[in-house]
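Asker: I have a structure I would like to understand better, so I am pasting it below and will then ask my questions one at a time.
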Amino acid sequence: LNIGVVGSSGQGGYSIGQLKSIANIAALCDVDQNRLAPVAKQFPSARTYKDFRKLVEQKDLDAVVVATPDHTHAVATMKAMGMGKHCYTQKPLTHDIWEARQLVKMAAKTKLSTQMGNQAHAGEPIRRVVELVRAGIIGNVTEAHIWTNRPVWLQGIDKRLPKAPVPANVDWDLWLGPAPFREYGKGYLPFKWRGWWDFGTGALGDMACHNWDIAYWALELGRPETIEATSSPLFKESGPAWSVIRYRFPAIASRPAVHLTWYDGPRRPPAELFEGEKVSGNGSIVVGDKGKLYIPHYWGDGKLLPKKDFAGFKQPDVSLPRSPGHYKEWIGACKGGPAALSNFDYSAQLTEAVLLGNLAVRLGGKVNWDAKNMKVTGRPEAEP
């Protein structure tokens, strides 16, 4: 397959490294020529662009990787799909909830192969853990606690950065893309855009599509019905320095209602949940009526707690398909194979649930979510 990559370093660079041996890197795009140039040297036959709208028009491209800041995920992906290109888009899939719904519709309309970049979804550890939860080893699950050490960039900022000259190597207008115009300031890019609402989705958006994935997949959480947030002081421009967000997911035939709590910054779940285990910087713990499953990192294996209750435990039978690798899954799907398991049907719902936490943070207090109509009920201030 001929692949175009939008965003040449960071996650784009990681994707290139994973794809270069299984596909042809035929096009590269970056608004920062200093980041694009060294990558372009590695692929002398690839055409180069600074505007993704030009890249997706390249006729020999079969598929596109979107590895831009969050605020351009959806517009670049929609444009590529509109040109008939299969899409791999980094997490979170979109910057807002409406965009996630639109990408699902577009994927269904075009029948293109899609995948979101939550790479651990393809790993053996996560699939074993999902099978364990679904086999009822820890009983009926009613709680999940998930946390991150993010933000590791500035948040809780009350005003925009001071105006500064735009570097000659950066096309600031193209970088802004669909975001409202603001003057360039030192510290928006690279990487630190995550803390600014116009560009990023904060600590929650950065890590929840990874850290939530085990609980979300295993419990088939779908869309929450209520979300309640507390946080450090709020400002218009950037996410809070920390937040704690409580979600309630309604019961389904296979399980009772689930209360999921998210913690970021210095906040963590109650220490007694961990049965003396060291609490990791990023992780999750799923609580059932027969025990708990602690996953210290989204890439790793789970620990059944209390340990004494699971001595001699045997892993349940395999029930999920095994993956050749996250990128190989997608490439195989593009070539007519089975759909990748983190395709947009799955990942858009995960992204929507995650981003509802930011909606609750920004509104403050409790949010009742009418998923069918994509409305917050009883909170007129939520309307645009």
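Identifiers in the structure tokens: chain A, B, ... in order shown; residue index from 1 per chain; ligand index from 1 in order shown.
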For region 55-62 of chain A, list every protein, DNA or RNA residue within 8 Å, evaluated using only C-alpha atoms, and leave out those in the same chain fewer than 2 positions away; present the list as number ranges by chain.

Answerer: A: 1-4, 26-29, 48-49, 51-53, 64, 79-80, 83-86

Asker: Please produce a file of the residues just selected, as a compact mmCIF listing (two decimals), in the first residue's frame, where the atoms kept are all heavy atoms.

Answerer:
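Saved result, out_6.txt, follows:
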# COMPACT_ATOMS: atom_id res chain seq x y z
N LEU A 1 0.84 -1.20 0.00
CA LEU A 1 0.00 0.00 0.00
C LEU A 1 0.87 1.24 0.00
O LEU A 1 1.93 1.28 0.63
CB LEU A 1 -0.90 0.02 1.24
CG LEU A 1 -1.97 -1.06 1.36
CD1 LEU A 1 -2.77 -0.86 2.63
CD2 LEU A 1 -2.89 -1.05 0.17
N ASN A 2 0.40 2.28 -0.66
CA ASN A 2 1.05 3.58 -0.62
C ASN A 2 0.42 4.41 0.49
O ASN A 2 -0.79 4.66 0.47
CB ASN A 2 0.89 4.30 -1.95
CG ASN A 2 1.72 3.67 -3.04
OD1 ASN A 2 2.82 3.19 -2.79
ND2 ASN A 2 1.21 3.67 -4.27
N ILE A 3 1.24 4.82 1.45
CA ILE A 3 0.76 5.52 2.64
C ILE A 3 1.22 6.96 2.64
O ILE A 3 2.39 7.25 2.35
CB ILE A 3 1.30 4.83 3.93
CG1 ILE A 3 1.00 3.34 3.91
CG2 ILE A 3 0.73 5.50 5.17
CD1 ILE A 3 -0.44 2.97 4.07
N GLY A 4 0.31 7.87 3.02
CA GLY A 4 0.67 9.25 3.30
C GLY A 4 0.58 9.49 4.79
O GLY A 4 -0.35 8.99 5.44
N ALA A 26 4.72 6.95 0.86
CA ALA A 26 4.68 7.62 -0.45
C ALA A 26 4.48 9.12 -0.35
O ALA A 26 4.66 9.84 -1.34
CB ALA A 26 3.56 7.01 -1.30
N ALA A 27 4.09 9.63 0.83
CA ALA A 27 3.87 11.06 0.99
C ALA A 27 4.04 11.44 2.46
O ALA A 27 3.68 10.67 3.35
CB ALA A 27 2.47 11.45 0.51
N LEU A 28 4.59 12.62 2.67
CA LEU A 28 4.84 13.14 4.02
C LEU A 28 4.36 14.58 4.10
O LEU A 28 4.53 15.34 3.14
CB LEU A 28 6.33 13.08 4.36
CG LEU A 28 6.97 11.69 4.42
CD1 LEU A 28 8.48 11.80 4.35
CD2 LEU A 28 6.54 10.96 5.69
N CYS A 29 3.82 14.94 5.25
CA CYS A 29 3.29 16.30 5.41
C CYS A 29 3.60 16.81 6.80
O CYS A 29 3.44 16.09 7.79
CB CYS A 29 1.77 16.27 5.19
SG CYS A 29 0.96 17.87 5.40
N THR A 48 6.44 15.52 -0.67
CA THR A 48 6.31 16.24 0.60
C THR A 48 5.36 17.42 0.47
O THR A 48 5.24 18.04 -0.59
CB THR A 48 7.68 16.74 1.09
OG1 THR A 48 8.26 17.61 0.10
CG2 THR A 48 8.61 15.57 1.36
N TYR A 49 4.68 17.71 1.58
CA TYR A 49 3.66 18.75 1.62
C TYR A 49 3.72 19.44 2.99
O TYR A 49 4.20 18.87 3.97
CB TYR A 49 2.26 18.16 1.46
CG TYR A 49 2.04 17.33 0.23
CD1 TYR A 49 2.35 15.97 0.23
CD2 TYR A 49 1.52 17.89 -0.94
CE1 TYR A 49 2.15 15.19 -0.90
CE2 TYR A 49 1.31 17.12 -2.07
CZ TYR A 49 1.63 15.77 -2.05
OH TYR A 49 1.42 15.00 -3.16
N ASP A 51 0.58 21.10 3.63
CA ASP A 51 -0.87 21.22 3.74
C ASP A 51 -1.48 19.84 3.48
O ASP A 51 -1.36 19.30 2.37
CB ASP A 51 -1.38 22.23 2.71
CG ASP A 51 -2.86 22.56 2.86
OD1 ASP A 51 -3.60 21.73 3.43
OD2 ASP A 51 -3.28 23.63 2.39
N PHE A 52 -2.15 19.26 4.48
CA PHE A 52 -2.70 17.90 4.31
C PHE A 52 -3.76 17.86 3.22
O PHE A 52 -4.02 16.80 2.63
CB PHE A 52 -3.26 17.37 5.63
CG PHE A 52 -4.50 18.06 6.14
CD1 PHE A 52 -5.75 17.81 5.59
CD2 PHE A 52 -4.42 18.94 7.20
CE1 PHE A 52 -6.88 18.44 6.06
CE2 PHE A 52 -5.56 19.57 7.69
CZ PHE A 52 -6.79 19.34 7.12
N ARG A 53 -4.39 18.99 2.92
CA ARG A 53 -5.40 19.01 1.87
C ARG A 53 -4.80 18.71 0.51
O ARG A 53 -5.47 18.18 -0.38
CB ARG A 53 -6.11 20.37 1.86
CG ARG A 53 -6.93 20.63 3.12
CD ARG A 53 -7.42 22.06 3.20
NE ARG A 53 -6.32 23.02 3.28
CZ ARG A 53 -6.48 24.33 3.41
NH1 ARG A 53 -7.71 24.84 3.48
NH2 ARG A 53 -5.44 25.13 3.48
N VAL A 64 -4.00 6.91 4.62
CA VAL A 64 -3.41 8.08 5.27
C VAL A 64 -3.35 7.87 6.78
O VAL A 64 -4.31 7.37 7.38
CB VAL A 64 -4.21 9.36 4.94
CG1 VAL A 64 -3.74 10.54 5.78
CG2 VAL A 64 -4.10 9.70 3.46
N LYS A 79 -11.28 14.65 5.42
CA LYS A 79 -10.82 15.01 4.08
C LYS A 79 -10.21 13.79 3.38
O LYS A 79 -10.48 13.54 2.20
CB LYS A 79 -9.79 16.14 4.17
CG LYS A 79 -9.26 16.64 2.83
CD LYS A 79 -10.31 17.41 2.06
CE LYS A 79 -9.70 18.05 0.81
NZ LYS A 79 -10.74 18.72 -0.01
N ALA A 80 -9.41 13.04 4.10
CA ALA A 80 -8.77 11.86 3.50
C ALA A 80 -9.82 10.81 3.11
O ALA A 80 -9.75 10.23 2.01
CB ALA A 80 -7.77 11.26 4.48
N MET A 83 -11.62 11.52 0.03
CA MET A 83 -10.83 11.24 -1.17
C MET A 83 -10.60 9.74 -1.37
O MET A 83 -9.79 9.33 -2.19
CB MET A 83 -9.48 11.97 -1.09
CG MET A 83 -9.59 13.49 -1.00
SD MET A 83 -10.37 14.23 -2.46
CE MET A 83 -9.14 13.89 -3.72
N GLY A 84 -11.31 8.92 -0.58
CA GLY A 84 -11.23 7.47 -0.76
C GLY A 84 -10.05 6.80 -0.12
O GLY A 84 -9.70 5.66 -0.49
N LYS A 85 -9.44 7.44 0.87
CA LYS A 85 -8.26 6.86 1.53
C LYS A 85 -8.65 6.19 2.85
O LYS A 85 -9.37 6.77 3.66
CB LYS A 85 -7.21 7.94 1.84
CG LYS A 85 -6.99 9.01 0.76
CD LYS A 85 -6.48 8.46 -0.56
CE LYS A 85 -6.17 9.61 -1.52
NZ LYS A 85 -5.84 9.13 -2.87
N HIS A 86 -8.15 4.98 3.06
CA HIS A 86 -8.27 4.35 4.37
C HIS A 86 -7.54 5.22 5.40
O HIS A 86 -6.58 5.93 5.05
CB HIS A 86 -7.64 2.96 4.36
CG HIS A 86 -8.18 2.04 3.30
ND1 HIS A 86 -9.45 1.54 3.35
CD2 HIS A 86 -7.62 1.55 2.17
CE1 HIS A 86 -9.66 0.76 2.31
NE2 HIS A 86 -8.56 0.75 1.56

Asker: Taking the chain letters and numbering used in this document, name the residues of region 212-295 of chain A that DSSP puts in strand (DSSP E or B), as an MDAnalysis selection string.

Answerer: chainID A and resid 226:231 238 243:249 252 255 258:263 283:288 292:295

Asker: Give me, as a PyMOL selection string, all polymer residues having an atom no more than 12 Å from Lys50 (chain A), counting only C-alpha atoms and skipping those fewer than 2 positions away in the same chain.

Answerer: chain A and resi 5-8+27-37+47-48+52-56+68+169-175+177

Asker: Okay, now the selection with N, CA, C and O atoms, as a compact mmCIF listing (two decimals), in the first residue's frame?

Answerer:
# COMPACT_ATOMS: atom_id res chain seq x y z
N VAL A 5 1.53 10.22 5.35
CA VAL A 5 1.56 10.47 6.79
C VAL A 5 1.51 11.97 7.04
O VAL A 5 2.36 12.72 6.55
N VAL A 6 0.50 12.38 7.79
CA VAL A 6 0.32 13.80 8.14
C VAL A 6 0.83 14.00 9.56
O VAL A 6 0.24 13.51 10.53
N GLY A 7 1.96 14.69 9.68
CA GLY A 7 2.66 14.83 10.95
C GLY A 7 3.87 13.92 10.92
O GLY A 7 3.75 12.70 11.04
N SER A 8 5.05 14.50 10.72
CA SER A 8 6.21 13.67 10.35
C SER A 8 7.05 13.21 11.54
O SER A 8 7.92 12.36 11.39
N ALA A 27 4.09 9.63 0.83
CA ALA A 27 3.87 11.06 0.99
C ALA A 27 4.04 11.44 2.46
O ALA A 27 3.68 10.67 3.35
N LEU A 28 4.59 12.62 2.67
CA LEU A 28 4.84 13.14 4.02
C LEU A 28 4.36 14.58 4.10
O LEU A 28 4.53 15.34 3.14
N CYS A 29 3.82 14.94 5.25
CA CYS A 29 3.29 16.30 5.41
C CYS A 29 3.60 16.81 6.80
O CYS A 29 3.44 16.09 7.79
N ASP A 30 4.05 18.05 6.88
CA ASP A 30 4.24 18.71 8.17
C ASP A 30 4.27 20.21 7.94
O ASP A 30 4.85 20.69 6.95
N VAL A 31 3.66 20.97 8.86
CA VAL A 31 3.68 22.43 8.75
C VAL A 31 5.01 23.01 9.22
O VAL A 31 5.28 24.18 9.03
N ASP A 32 5.84 22.17 9.85
CA ASP A 32 7.15 22.58 10.35
C ASP A 32 8.22 21.94 9.46
O ASP A 32 8.46 20.73 9.54
N GLN A 33 8.86 22.74 8.64
CA GLN A 33 9.82 22.20 7.68
C GLN A 33 11.06 21.64 8.37
O GLN A 33 11.72 20.75 7.82
N ASN A 34 11.39 22.12 9.55
CA ASN A 34 12.54 21.57 10.28
C ASN A 34 12.28 20.15 10.77
O ASN A 34 13.22 19.36 10.93
N ARG A 35 11.02 19.83 11.01
CA ARG A 35 10.66 18.47 11.42
C ARG A 35 10.46 17.56 10.20
O ARG A 35 10.72 16.36 10.27
N LEU A 36 10.01 18.15 9.12
CA LEU A 36 9.77 17.36 7.91
C LEU A 36 11.06 16.97 7.20
O LEU A 36 11.20 15.83 6.74
N ALA A 37 12.01 17.89 7.13
CA ALA A 37 13.19 17.68 6.28
C ALA A 37 13.97 16.41 6.61
O ALA A 37 14.29 15.63 5.69
N ARG A 47 6.63 12.16 -1.86
CA ARG A 47 6.32 13.57 -2.10
C ARG A 47 6.08 14.26 -0.76
O ARG A 47 5.58 13.63 0.19
N THR A 48 6.44 15.52 -0.67
CA THR A 48 6.31 16.24 0.60
C THR A 48 5.36 17.42 0.47
O THR A 48 5.24 18.04 -0.59
N PHE A 52 -2.15 19.26 4.48
CA PHE A 52 -2.70 17.90 4.31
C PHE A 52 -3.76 17.86 3.22
O PHE A 52 -4.02 16.80 2.63
N ARG A 53 -4.39 18.99 2.92
CA ARG A 53 -5.40 19.01 1.87
C ARG A 53 -4.80 18.71 0.51
O ARG A 53 -5.47 18.18 -0.38
N LYS A 54 -3.52 19.05 0.35
CA LYS A 54 -2.82 18.71 -0.89
C LYS A 54 -2.37 17.25 -0.88
O LYS A 54 -2.44 16.56 -1.90
N LEU A 55 -1.91 16.78 0.27
CA LEU A 55 -1.45 15.39 0.36
C LEU A 55 -2.55 14.42 -0.02
O LEU A 55 -2.33 13.47 -0.79
N VAL A 56 -3.76 14.60 0.50
CA VAL A 56 -4.81 13.61 0.26
C VAL A 56 -5.28 13.59 -1.19
O VAL A 56 -5.95 12.65 -1.61
N THR A 68 -1.55 14.49 13.81
CA THR A 68 -1.48 15.93 14.07
C THR A 68 -1.91 16.20 15.51
O THR A 68 -2.36 15.29 16.21
N ASN A 169 10.35 28.46 9.85
CA ASN A 169 10.10 27.08 9.41
C ASN A 169 8.68 26.60 9.65
O ASN A 169 8.31 25.50 9.24
N VAL A 170 7.83 27.42 10.32
CA VAL A 170 6.48 27.01 10.70
C VAL A 170 5.44 27.81 9.94
O VAL A 170 5.52 29.04 9.88
N ASP A 171 4.45 27.12 9.35
CA ASP A 171 3.28 27.79 8.78
C ASP A 171 2.21 27.83 9.87
O ASP A 171 1.49 26.85 10.07
N TRP A 172 2.15 28.93 10.58
CA TRP A 172 1.27 29.05 11.73
C TRP A 172 -0.20 28.96 11.34
O TRP A 172 -1.01 28.35 12.04
N ASP A 173 -0.57 29.53 10.21
CA ASP A 173 -1.96 29.50 9.78
C ASP A 173 -2.40 28.07 9.52
O ASP A 173 -3.50 27.65 9.93
N LEU A 174 -1.57 27.28 8.85
CA LEU A 174 -1.92 25.88 8.61
C LEU A 174 -1.93 25.08 9.91
O LEU A 174 -2.74 24.17 10.07
N TRP A 175 -1.02 25.40 10.83
CA TRP A 175 -1.02 24.68 12.10
C TRP A 175 -2.32 24.94 12.87
O TRP A 175 -2.90 24.02 13.45
N GLY A 177 -5.21 25.58 11.61
CA GLY A 177 -6.25 24.81 10.95
C GLY A 177 -7.64 25.32 11.30
O GLY A 177 -7.96 26.50 11.09

Asker: If you count only C-alpha atoms, which residues fall within 9 Å of region 204-210 of chain A, apart from same-chain ones fewer than 4 positions away, as an NGL selection string?

Answerer: :A and (70 or 91-93 or 95 or 117-121 or 146-148 or 150-151 or 194 or 200 or 214 or 243 or 262-264 or 282 or 298-299 or 347 or 350-351 or 354-355 or 357-358)

Asker: Counting only C-alpha atoms, which of A:Gln42, A:Ser280, A:Thr142, A:Ser319 gets nearest to Val258 (chain A)?

Answerer: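 Looking at the shortest contact to Val258 (chain A), the residue is A:Thr142.
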
Asker: Measure the distance from CA of Lys335 (chain A) to CA of Ala23 (chain A) in Å and round it to one decimal.

Answerer: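 Computing it gives 11.3 Å between the two atoms.
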
Asker: Taking only C-alpha atoms into account, which of A:Ala311, A:Ala135, A:Ala144, A:Cys334 comes nearest Leu112 (chain A)?

Answerer: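 So, comparing all the options, the nearest one is A:Cys334.
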
Asker: Measuring atom to atom with only C-alpha atoms, identify which of A:Pro256, A:Pro190, A:Gly136, A:Gly156 is nearest to Ser238 (chain A).

Answerer: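 For Ser238 (chain A), the nearest of the given residues is A:Gly156.
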
Asker: Can you work out which one of A:Leu304, A:Ala353, A:Leu320, A:Ala340 has the shortest atom-to-atom distance to Ile138 (chain A), counting only C-alpha atoms?

Answerer: A:Leu304

Asker: Need the shell around Arg362 (chain A): protein/DNA/RNA residues with any atom at most 12 Å away, counting only C-alpha atoms. Skip same-chain ones fewer than 4 positions apart. Format as a list in words?

Answerer: Trp197, Thr201, Gly202, Ile227, Glu228, Ala229, Thr230, Ser231, Ser232, Pro233, Leu234, Phe235, Lys236, Glu237, Ser238, Gly239, Pro240, Ser243, Ile245, Leu355, Leu356, Gly357, Asn358, Lys366, Val367, Glu381 and Ala382 of chain A

Asker: DSSP on the backbone: which residues in region 9-250 of chain A end up as helix (DSSP H, G or I)? Give the answer as a PyMOL selection string.

Answerer: chain A and resi 11-19+33-42+52-55+70-82+97-110+119-122+124-134+172-176+192-195+202-211+213-218

Asker: Just checking: using only C-alpha atoms, which residue out of A:Pro167, A:Gly195, A:Pro125, A:Gly302 ends up closest to Trp153 (chain A)?

Answerer: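 Of the candidates, the smallest distance to Trp153 (chain A) is held by A:Gly195.
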